[in-house]
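J.: Have a look at this one.
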Number of protein chains: 2
Amino acid sequence: MATYVFDFSEGNKDQKDLLGGKGANLAEMTRIGLPVPPGFTITTEACRAYMANGVLPPELRVEVTMAVRRLEDQMGRSLGDPRHPLLVSVRSGAKFSMPGMMETVLNVGLNDESVHGLAAFAGDERFAWDSYRRLIQMFGKTVLGIDGDLFAQALDAHKRARGADSDTGLTAEDLHDLVLDFKEIVREHTGKDFPQKPREQLDLAVEAVFGSWNTERARLYRRRERISDDLGTAVNVVAMVFGNLGEDSGTGVCFTRDPATGRSGDYGDYLPNAQGEDVVSGIRNTLSLADLERLDPAAFAELRQAMRTLENHYRDLCDIEFTIERGKLWMLQTRVGKRTAAAAFRIAQQLVDEHLITMDEALERVTGAQLAKLMFPQFDAAAEPAPLATGMAASPGAAVGAAVFDSATAQAWAADGRDVILVRRETNPDDLGGMIAAVGVLTSRGGKTSHAAVVARGMGTTCVVGAEAVVVDAAERRFAVGDTVVAEGDTIAIDGTTGEIFLGDIPVMPSPVVRYLEDGLDAALAELPVEDDETRELVAAVDAILTHADSARRLGVQANADTADDAVRARAWGAQGIGLCRTEHMFLGERRVLIERLILATEDAEREAALAALLPLQRADFTDLLTAMDGLPVTIRLIDPPLHEFLPDLTDLSVKVALAEERGETGPDVDRDEHLLAAVRRMHEANPMLGLRGVRLGIVIPGLFALQMRAIAEAHAARLAAGGDPRAEIMIPLAASIMELHLVRDEADRIIAEVGAQHGLTLDIPVGAMIELPRAALTADRMASVAEFFSFGTNDLTQTTWGFSRDDVEGAFFHEYTEKGVFNVSPFESIDRQGVGRLVRIAAEEGRATRPDLRLGVCGEHGGDPESIHFFHDVGLDYVSCSPFRIPVARLEAGRAAVVTGGGDTR
Amino acid sequence: MATYVFDFSEGNKDQKDLLGGKGANLAEMTRIGLPVPPGFTITTEACRAYMANGVLPPELRVEVTMAVRRLEDQMGRSLGDPRHPLLVSVRSGAKFSMPGMMETVLNVGLNDESVHGLAAFAGDERFAWDSYRRLIQMFGKTVLGIDGDLFAQALDAHKRARGADSDTGLTAEDLHDLVLDFKEIVREHTGKDFPQKPREQLDLAVEAVFGSWNTERARLYRRRERISDDLGTAVNVVAMVFGNLGEDSGTGVCFTRDPATGRSGDYGDYLPNAQGEDVVSGIRNTLSLADLERLDPAAFAELRQAMRTLENHYRDLCDIEFTIERGKLWMLQTRVGKRTAAAAFRIAQQLVDEHLITMDEALERVTGAQLAKLMFPQFDAAAEPAPLATGMAASPGAAVGAAVFDSATAQAWAADGRDVILVRRETNPDDLGGMIAAVGVLTSRGGKTSHAAVVARGMGTTCVVGAEAVVVDAAERRFAVGDTVVAEGDTIAIDGTTGEIFLGDIPVMPSPVVRYLEDGLDAALAELPVEDDETRELVAAVDAILTHADSARRLGVQANADTADDAVRARAWGAQGIGLCRTEHMFLGERRVLIERLILATEDAEREAALAALLPLQRADFTDLLTAMDGLPVTIRLIDPPLHEFLPDLTDLSVKVALAEERGETGPDVDRDEHLLAAVRRMHEANPMLGLRGVRLGIVIPGLFALQMRAIAEAHAARLAAGGDPRAEIMIPLAASIMELHLVRDEADRIIAEVGAQHGLTLDIPVGAMIELPRAALTADRMASVAEFFSFGTNDLTQTTWGFSRDDVEGAFFHEYTEKGVFNVSPFESIDRQGVGRLVRIAAEEGRATRPDLRLGVCGEHGGDPESIHFFHDVGLDYVSCSPFRIPVARLEAGRAAVVTGGGDTR
């Protein structure tokens, strides 16, 4: 038979599935002997039974009766006792914290009689009536479903009548009258009296918590967060304790160590003669824990002991809520505490130093997202700037620039080389051009899933949203914060990590972590002031943990880099090779003319001349790259984008030619433009992403791939001849079928053998395939018979699997999709496991079935995304390749993936 | 122990894997007692052993010795006997006929001595020396690998010396000298004498056949045709018989019934005193079988009996090669004969009528491709037009139009409403516009995989390629065939089914099969002349077989139709519903302005006004459609294409606006254009195929899907109220995730309930998803929890799975891809089983796992493709939906899929 009720003394912290997060931690504290008010948890299983049958299970009623009796025995009071009533709180507590559910009803057990008992016990009539009216108000709204405004209006009426500004202006008598009004509201809107039987109150509250699991809002939230509808919620029933029974009572929150620095010690706030709500509402100034020590040394000592116990027990920073009722300490809640990125590293290392956790565990306690935060430049704290306003931190970084109020100005000023910050009430797809041009984006409306936030995060642009104090007047090209008016062109600064907005130029400090990553620990420490303990400790912690990650990880980390300069930088940051060298970037600038000549050639001879001119240039590119990465693999992708990308835009050129014609202009320039226009028209594609590109180019344009492959082979041979250790690899882009690979590979083998023979060398240059189309993944068993390695191009794979191109849709509808819960996060940012990930898994498994030593890597942007890296580890890839800046993040997360069991939180 | 050699008396026709096609049929004829020259087959297993070890297996040598002895005993002659030599032919014979392999060496066994014996036996010195020189020539080239030109040059030298035009001008002495020269060539190029030992000749020839399996050309061919490299080829060694030993000898080919009409009888050609080569070369005019009956009644009677035996045995039209050597009939080869489309139907029905085969077997004997051919209009045979020239039939149909020689003229004239035929030497991607505009395409170069052929087939445009007699002079805008000159604008006609080219207008006859399909058998027969037996028989056969297909098939056949007119037509042709109604076509013409208003709306009120104006129009559309398909399902897809498709082209409008500005034009039109241009720019997408379309539109544009869903629900309700039996279904396009389906489905459920309540009716309108993105297929288990049916949109699914858009790439590189063997056939034409098909299978299986009664259909163009229909049958779909014209093909192939075991040939 199911047990639907667990006393706090029966559960433990690992039973979150059954008891919810709150209940499990209350049980744990009880178990280890901390002073938790007696109580019990009604399990999620009871909730599931309720959902299945629509009524509370009959056994539950019996079990609750037994649990209440136990509680009454422990407390020496009983529910509804007119002289000495037991009151309880009823709180929901699911496995995952979940807005949209009913949360709390306090003071359950009060009725027209027991309110007098409470008054007597508390020695405070006003307190008792206020508690009673709160019960009716909360119960009426959340359990009985009465519009909360009705209660608020009645309260306001009493305040007005009394001429009071706040609740505290009401007397016990006023509150007594208010209770009568509240009960009338209940009667009017439910046709019944407010339930006077405490057990009825309790049962209705429990049923309301269960019912709230399936409200529209809760279901929508779960759908978005991918939380199963089947989990259900638990309910915690806890004996009420009061921190507002006089100066020997109080309430507070504290941390077992400083969540900002990680230092061990007593950090927290205390408010005498108060309840938890009063701390949160911030009406009164809180005291420090040191003050508590002074006010009540005994209670303080007990709290301190409890903190130590909790930290040793959870082996992590704990966040605690407590109440002192007439000198007696009660622990109301605990959980592992949130912390800043810097604190996470420091605390992890401190816990290692204190021998509380292992290095593996330290690695579990930090995330790549935290490391990335530490790598952003920050405003110089020494400048102590005062923020003009604060909004929501939507996309990290520190940006300084001229305020502009429309997309066109942003683009025009940016084109002139100015840094601009685009300020809008909110953004929409029309603002995309301006957002791209700006160094930062600031909006006065919208939240973390607004258009501005989603798009800016996608682009990596610093962004603050929802700064409500900022009043934007786009027509007048200015914004105001209170009396301060900021006009177009005025310099502002925004902090995407804190959400702060500053007026004027704020100096930006490079990150000490970046200094460490670039030049090593000694150099970074040497640059820091001796007295800056915190930063020194931070850099040392990052070093220790990252070093451990390197030793723990199975995944290799390579870089996406196109030039020797990039390669040198990537190598310094820890790259173990180049996983993706995009050769098209080598055809920009002055060389563009050669590609243009190649495209416009009508005779074989012209085309061959252009190719011949490109050969030594490409050879030099690759030689430099192989030199920079001597001894490490360099995976060179053959040219991928449609060639017409190297030609002018069709619309621009059409207008130019039409105008020249209209004006009767003639001459060689006009002729050239007309000739060019014909070529642009001929090569125009409705959907270039799905057009003549990648391996298709190599098969259709004679000599193009051969040129690149020859240049690679010659560079490889030259490095070998010079005594180097080149590790060039050729990667074929966009193949969808084994035949495409055969055609290119046959040519590659021929050229490699030919160049080798010319140099009297055997060239070992593996040829592999970029897996970036669904068909390539679905036919990986065949592809692997020709390809010596696979590199997943997850950007393109995401585009084709979902059928949308990043350029076209991120601005147009991703914010709508995020808002409506289709995505939690853009699939371009973090890999979509069900769709794209399934293809990666299929290709990895079936490719390896054909060729057991098939090397597998990923070179899409997901290679630098924490969540995705864990997936790639699980799937068994050999390495990830990402942009140089993401390499430390990838190293850390690859290490975490190797030690974290059951998929740790990555953000 | 493996048996590597099978005597013809040991095998049978089902052993094609082991004996090859030719060997299996020779064994079968031997087995049933027909006079096949004695011989044996060396198995494909021997070939595989040879490939594995690089040498002929030793057991094979022994087995060949035994087989040759048996042969010598049977023939009473022995290999190399100087007086009475046995000669044999050595022929390759793989399971699949395969160009690129060594085919035949005749006269093996001749040497310097036995040549005299042959001369004595034949009574013809010249014949013997000619046979010997042929052996050395064939053997030298194919077995010894000597350049064939060397022999040809030596032959030419002798002809020149003798002043002879052809070989026949050479005497026995000349040929004797030629043999000496040939042997000298062999000695010079191999360093060895031409092998005199017959057994050595035989072994070398066998080894050469095996070796030819792995030539570059053969491997390339197999790669293209997806034939496994492991199969290997068999070798047939057959005693030589001679049809050229005098007037009592001869050779011929015949069919057991007329391959054109199917009539039983004696159809064939006979050439007295000749070998097979002479029949094929067409130097001499052949006689009919009736002549043979006159010349040699006994041999004729025996042949006739053999033909009857074969037909009864194979229960099909057989194609036979035979030789008569001095009055003795020898059967050299047989196989099931090729036939025209019309003959296929007639023969199948005749065989049923003759109780030789069942109706199920009749269904196996015809194909959808053949039925499709019968549905094309044809030139009126009664006009007896004389073709001007003949090329290769590349894309069927009969086209008449003005000859044009460049793409621009084709487009200009077509825009003026003229039918044009584009005539080019060959086409390239620049000609695409002209090919689209033309009713037919004619080229003088290229084969069936040329650009012109591939693109025209893709578009369904009539096309003839490689008409070498046609000399195109594009500069002069004319072509010539001999003395006939055809100028631009002259009317020509091309027959894409026969490859014929005609001058002038030829009347085009509608297909009698189409008449039958539209109006039934009685109407079609009533229209045909009583004496036109052939056509009457054909139409009746089509009716009988198609009716049987309908009763046999499991797959439903529905139509893609957008209007009530199309629906009526489709229903008449046998459609069992509408599987795809594209609603975007309903927004063309006058209604386009409403969509434009919707797009350009800046206020909600404007947008709502446009939607309100569209509602009654859409309702009327759907009411008409549901009326036409009363009682049958009508699956209506919500609007799919990007809205900007309803706006003008960006480049055109940009030029227009720039010119207006340049000219200083002003006024409301200019203002409107500028306003429009801003909207077009804002909505411009780099890759519209991957942009804001399908369900994304529905989620992002408020009210758009709701309008359509309301119109569907109202039309459904109106038809119910009118006593009809409407079966509307709503299909959501381009969904990639369950959340998209949730969002639309929630709205659909709300609207359907609302409209139902308004009418006091319960509306049963299923809501399903179009599965056209890889992600939809990969997450089908989830999708099926919301969708009540899946319809595979295999066009889009092919685009995203392969990562190319049909519009962009078919013209640009499909001919290259077909040429190089990446495709056998465009994946847009016939479903790609490995890639796209795998996704269909995954979605079907996993969707049904979630919802066992999930209805599954396909509405891409593959729904009308024979090969694909068999696949959809195998995967277990419920129906295919295709264009009305393809419905009969789909009905036939769905029937075939149900009866064919092991996947019959579909084309």
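Going by the structure tokens order, chains are called A, B, ..., each with residues numbered from 1, while ligands are numbered from 1 in the order shown.
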Considering only C-alpha atoms, return as a VMD selection string whatever protein or nucleic-acid residues lie within 12 Å of region 513-526 of chain A, sequence-local ones (same chain, fewer than 3 positions apart) excluded.

T.: chain A and resid 341 to 342 345 370 to 378 509 to 510 529 to 544 546 to 547 568 to 575 884 to 889 891

J.: So which bits of region 283-392 of chain A end up alpha helix (DSSP H) when you DSSP the backbone, as JSON, numbers by chain?

T.: {"A": [289, 290, 291, 292, 293, 294, 295, 297, 298, 299, 300, 301, 302, 303, 304, 305, 306, 307, 308, 309, 310, 311, 312, 313, 314, 341, 342, 343, 344, 345, 346, 347, 348, 349, 350, 351, 352, 353, 359, 360, 361, 362, 363, 364, 368, 369, 370, 371, 372, 373, 374, 375]}

J.: A:Gly864, A:Pro385, A:Pro648, A:Pro774: which is nearest chain B, counting only C-alpha atoms?

T.: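 Of A:Gly864, A:Pro385, A:Pro648, A:Pro774, the one nearest chain B, counting only C-alpha atoms, is A:Pro774.
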
J.: When you count only C-alpha atoms, which of these residues is closest to chain A: B:Ser826, B:Gln74, B:Thr779, B:Thr251?

T.: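 Smallest separation from chain A among the options: B:Thr779.
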
J.: Could you list the residues in chain B lying within 6 Å of chain A, using only C-alpha atoms, and format the result as a list in words?

T.: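 On the chain B side, the interface is Thr651, Val655, Glu685, Asn687, Leu690, Gly691, Ala736, Met739, Pro774, Arg775, Leu778, Thr800, Thr801, Trp802, Gly803, Phe804, Ser805, Asp808, Val809, Val822 and Gly835 of chain B.
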
J.: I need the residues from that last selection saved to file as a short mmCIF file (atom, residue, chain, number, x, y, z; two decimals), in the first residue's frame (with all heavy atoms), if you can.

T.:
data_model
loop_
_atom_site.label_atom_id
_atom_site.label_comp_id
_atom_site.auth_asym_id
_atom_site.auth_seq_id
_atom_site.Cartn_x
_atom_site.Cartn_y
_atom_site.Cartn_z
N THR B 651 14.24 43.16 -56.79
CA THR B 651 15.11 43.80 -57.77
C THR B 651 14.30 44.64 -58.76
O THR B 651 14.63 45.80 -59.02
CB THR B 651 15.93 42.73 -58.50
OG1 THR B 651 16.73 42.03 -57.54
CG2 THR B 651 16.83 43.34 -59.56
N VAL B 655 14.61 48.78 -59.05
CA VAL B 655 14.96 49.48 -60.29
C VAL B 655 13.87 50.49 -60.64
O VAL B 655 14.15 51.65 -60.96
CB VAL B 655 15.14 48.45 -61.44
CG1 VAL B 655 15.22 49.16 -62.78
CG2 VAL B 655 16.39 47.61 -61.20
N GLU B 685 13.93 37.81 -47.80
CA GLU B 685 14.65 36.74 -47.12
C GLU B 685 15.73 36.21 -48.05
O GLU B 685 15.51 36.07 -49.25
CB GLU B 685 13.69 35.60 -46.76
CG GLU B 685 12.65 36.02 -45.73
CD GLU B 685 11.75 34.88 -45.32
OE1 GLU B 685 11.18 34.21 -46.20
OE2 GLU B 685 11.60 34.67 -44.11
N ASN B 687 16.90 33.24 -48.00
CA ASN B 687 16.53 31.87 -48.38
C ASN B 687 15.06 31.63 -48.03
O ASN B 687 14.75 31.04 -46.99
CB ASN B 687 17.39 30.86 -47.62
CG ASN B 687 18.85 31.00 -47.94
OD1 ASN B 687 19.31 30.53 -48.97
ND2 ASN B 687 19.58 31.68 -47.08
N LEU B 690 13.69 28.59 -46.51
CA LEU B 690 14.04 28.32 -45.11
C LEU B 690 13.63 29.48 -44.21
O LEU B 690 14.26 29.75 -43.21
CB LEU B 690 15.55 28.09 -44.99
CG LEU B 690 16.16 26.97 -45.81
CD1 LEU B 690 17.67 26.95 -45.65
CD2 LEU B 690 15.58 25.62 -45.38
N GLY B 691 12.59 30.19 -44.64
CA GLY B 691 12.26 31.41 -43.93
C GLY B 691 10.94 31.36 -43.19
O GLY B 691 10.52 30.32 -42.68
N ALA B 736 7.95 21.58 -37.14
CA ALA B 736 9.19 20.85 -36.82
C ALA B 736 9.16 20.39 -35.37
O ALA B 736 10.03 19.64 -34.96
CB ALA B 736 10.40 21.74 -37.04
N MET B 739 5.45 21.61 -30.13
CA MET B 739 4.89 22.85 -29.59
C MET B 739 4.17 23.64 -30.67
O MET B 739 3.16 24.28 -30.41
CB MET B 739 6.00 23.70 -28.96
CG MET B 739 6.28 23.36 -27.52
SD MET B 739 4.83 23.53 -26.44
CE MET B 739 4.64 25.32 -26.50
N PRO B 774 13.04 17.13 -41.68
CA PRO B 774 13.66 16.00 -41.00
C PRO B 774 13.30 15.95 -39.51
O PRO B 774 13.02 14.90 -38.98
CB PRO B 774 15.16 16.24 -41.21
CG PRO B 774 15.23 16.96 -42.52
CD PRO B 774 14.02 17.86 -42.53
N ARG B 775 13.24 17.11 -38.87
CA ARG B 775 12.98 17.09 -37.44
C ARG B 775 11.58 16.56 -37.13
O ARG B 775 11.36 15.91 -36.11
CB ARG B 775 13.16 18.46 -36.81
CG ARG B 775 13.18 18.36 -35.30
CD ARG B 775 13.47 19.66 -34.62
NE ARG B 775 13.80 19.44 -33.23
CZ ARG B 775 12.89 19.29 -32.27
NH1 ARG B 775 11.62 19.34 -32.57
NH2 ARG B 775 13.26 19.08 -31.03
N LEU B 778 11.92 12.91 -37.25
CA LEU B 778 12.75 12.39 -36.16
C LEU B 778 12.05 12.47 -34.81
O LEU B 778 12.43 11.79 -33.87
CB LEU B 778 14.08 13.14 -36.11
CG LEU B 778 15.03 12.89 -37.29
CD1 LEU B 778 16.13 13.95 -37.33
CD2 LEU B 778 15.65 11.50 -37.19
N THR B 800 15.17 19.41 -47.81
CA THR B 800 15.92 19.63 -46.57
C THR B 800 16.83 18.44 -46.24
O THR B 800 17.90 18.64 -45.67
CB THR B 800 14.96 19.91 -45.40
OG1 THR B 800 13.84 19.02 -45.46
CG2 THR B 800 14.44 21.33 -45.47
N THR B 801 16.42 17.25 -46.60
CA THR B 801 17.26 16.09 -46.29
C THR B 801 18.55 16.13 -47.12
O THR B 801 19.63 15.84 -46.62
CB THR B 801 16.49 14.78 -46.56
OG1 THR B 801 15.29 14.80 -45.78
CG2 THR B 801 17.31 13.56 -46.20
N TRP B 802 18.42 16.52 -48.38
CA TRP B 802 19.59 16.64 -49.24
C TRP B 802 20.23 18.02 -49.15
O TRP B 802 21.36 18.22 -49.61
CB TRP B 802 19.21 16.39 -50.70
CG TRP B 802 19.02 14.96 -51.08
CD1 TRP B 802 17.88 14.23 -50.95
CD2 TRP B 802 19.99 14.09 -51.70
NE1 TRP B 802 18.08 12.96 -51.45
CE2 TRP B 802 19.36 12.85 -51.93
CE3 TRP B 802 21.31 14.26 -52.11
CZ2 TRP B 802 20.02 11.77 -52.52
CZ3 TRP B 802 21.97 13.18 -52.70
CH2 TRP B 802 21.31 11.95 -52.90
N GLY B 803 19.49 18.99 -48.64
CA GLY B 803 20.03 20.34 -48.56
C GLY B 803 20.13 21.03 -49.90
O GLY B 803 21.06 21.81 -50.13
N PHE B 804 19.21 20.72 -50.83
CA PHE B 804 19.17 21.56 -52.04
C PHE B 804 17.74 21.83 -52.44
O PHE B 804 16.85 21.03 -52.22
CB PHE B 804 19.97 20.97 -53.20
CG PHE B 804 19.83 19.50 -53.48
CD1 PHE B 804 18.60 18.91 -53.62
CD2 PHE B 804 20.97 18.72 -53.64
CE1 PHE B 804 18.49 17.57 -53.91
CE2 PHE B 804 20.87 17.36 -53.92
CZ PHE B 804 19.62 16.79 -54.06
N SER B 805 17.53 23.01 -52.99
CA SER B 805 16.18 23.38 -53.39
C SER B 805 16.02 23.04 -54.86
O SER B 805 16.90 23.29 -55.68
CB SER B 805 15.93 24.86 -53.14
OG SER B 805 16.22 25.61 -54.28
N ASP B 808 16.65 25.65 -57.45
CA ASP B 808 18.00 26.16 -57.63
C ASP B 808 18.94 25.17 -58.28
O ASP B 808 19.87 25.55 -58.96
CB ASP B 808 18.57 26.59 -56.28
CG ASP B 808 17.88 27.85 -55.78
OD1 ASP B 808 17.79 28.79 -56.59
OD2 ASP B 808 17.43 27.88 -54.64
N VAL B 809 18.73 23.91 -58.05
CA VAL B 809 19.78 22.98 -58.44
C VAL B 809 19.44 22.09 -59.63
O VAL B 809 20.34 21.60 -60.30
CB VAL B 809 20.20 22.10 -57.25
CG1 VAL B 809 20.78 22.96 -56.16
CG2 VAL B 809 19.04 21.28 -56.74
N VAL B 822 25.91 10.20 -59.35
CA VAL B 822 25.45 10.46 -57.98
C VAL B 822 23.98 10.07 -57.87
O VAL B 822 23.55 9.48 -56.88
CB VAL B 822 25.66 11.94 -57.59
CG1 VAL B 822 25.19 12.18 -56.17
CG2 VAL B 822 27.13 12.33 -57.75
N GLY B 835 17.85 7.93 -47.70
CA GLY B 835 17.83 9.16 -46.91
C GLY B 835 16.41 9.55 -46.54
O GLY B 835 15.95 9.34 -45.43
#

J.: Which polymer residues have any atom within 7 Å of an atom of region 470-481 of chain A, counting only C-alpha atoms, with same-chain residues fewer than 6 positions away left out, as a PyMOL selection string?

T.: chain A and resi 405+424-425+444+487-488

J.: Give the answer as one residue: which of B:Leu292, B:Ala205, B:Val423, B:Val36 has the shortest atom-to-atom distance to Leu329 (chain B), using only C-alpha atoms?

T.: B:Val36

J.: For Thr462 (chain B), which residue among B:Ile492, B:Gly397, B:Ala415, B:Ala218 is the nearest when counting only C-alpha atoms?

T.: B:Gly397

J.: Have a look at CA of Pro198 (chain A) and CA of Gly148 (chain A) and let me know their distance in Å, one decimal.

T.: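 Computing the Euclidean distance for CA of Pro198 (chain A) and CA of Gly148 (chain A) yields 22.0 Å.
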
J.: For Thr409 (chain B), please output as a PyMOL selection string all residues within 12 Å (counting only C-alpha atoms; exclusion window: fewer than 3 positions along the same chain).

T.: chain B and resi 402-406+412-416+418-423+431+433-435+437-438+474+477+488-489

J.: Identify all residues of region 423-511 of chain B in strand (DSSP E or B) (DSSP on the backbone) and supply them as a ChimeraX atom specification.

T.: /B:423-424,440-443,462-465,471-473,478-481,484-487,491-495,500-503,508-509

J.: Extract, using only C-alpha atoms, all DNA, RNA and protein residues at most 7 Å from Cys859 (chain A), discarding same-chain residues fewer than 5 positions from it, and format them as a PDB file with C-alpha atoms, in the first residue's frame.

T.:
ATOM      1  CA  ASN A 560      37.889  26.965 -35.703  1.00  0.00           C
ATOM      2  CA  GLY A 579      39.046  21.430 -36.378  1.00  0.00           C
ATOM      3  CA  LEU A 580      37.826  23.780 -39.061  1.00  0.00           C
ATOM      4  CA  SER A 791      33.168  16.465 -38.613  1.00  0.00           C
ATOM      5  CA  PHE A 792      29.623  17.465 -37.730  1.00  0.00           C
ATOM      6  CA  GLY A 793      28.709  20.871 -39.114  1.00  0.00           C
ATOM      7  CA  VAL A 880      34.871  19.507 -30.349  1.00  0.00           C
ATOM      8  CA  SER A 881      36.110  22.474 -32.343  1.00  0.00           C
ATOM      9  CA  CYS A 882      34.995  25.987 -31.520  1.00  0.00           C
TER      10      CYS A 882
END

J.: Measuring atom to atom with only C-alpha atoms, identify which of A:Asp725, A:Asp17, A:Glu468, A:Glu364 is nearest to Leu763 (chain A).

T.: A:Asp725

J.: Would you pick out the contacts of Thr461 (chain B) at 10 Å or less, using only C-alpha atoms, so that residues sharing its chain but fewer than 5 positions from it are not included, and give the list as a list in words?

T.: Ala394, Ser395, Pro396, Gly397, Ala398, Ala399, Met435, Ile436, Ala437, Ala438, Val439, Gly440, Val441, Ala453, Val455, Ala456 and Gly496 of chain B

J.: I need the residue nearest Leu34 (chain A) from this list: A:Glu302, A:Glu846, A:Asp14, A:Asp181. Use only C-alpha atoms for the distance.

T.: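 Looking at the shortest contact to Leu34 (chain A), the residue is A:Glu302.
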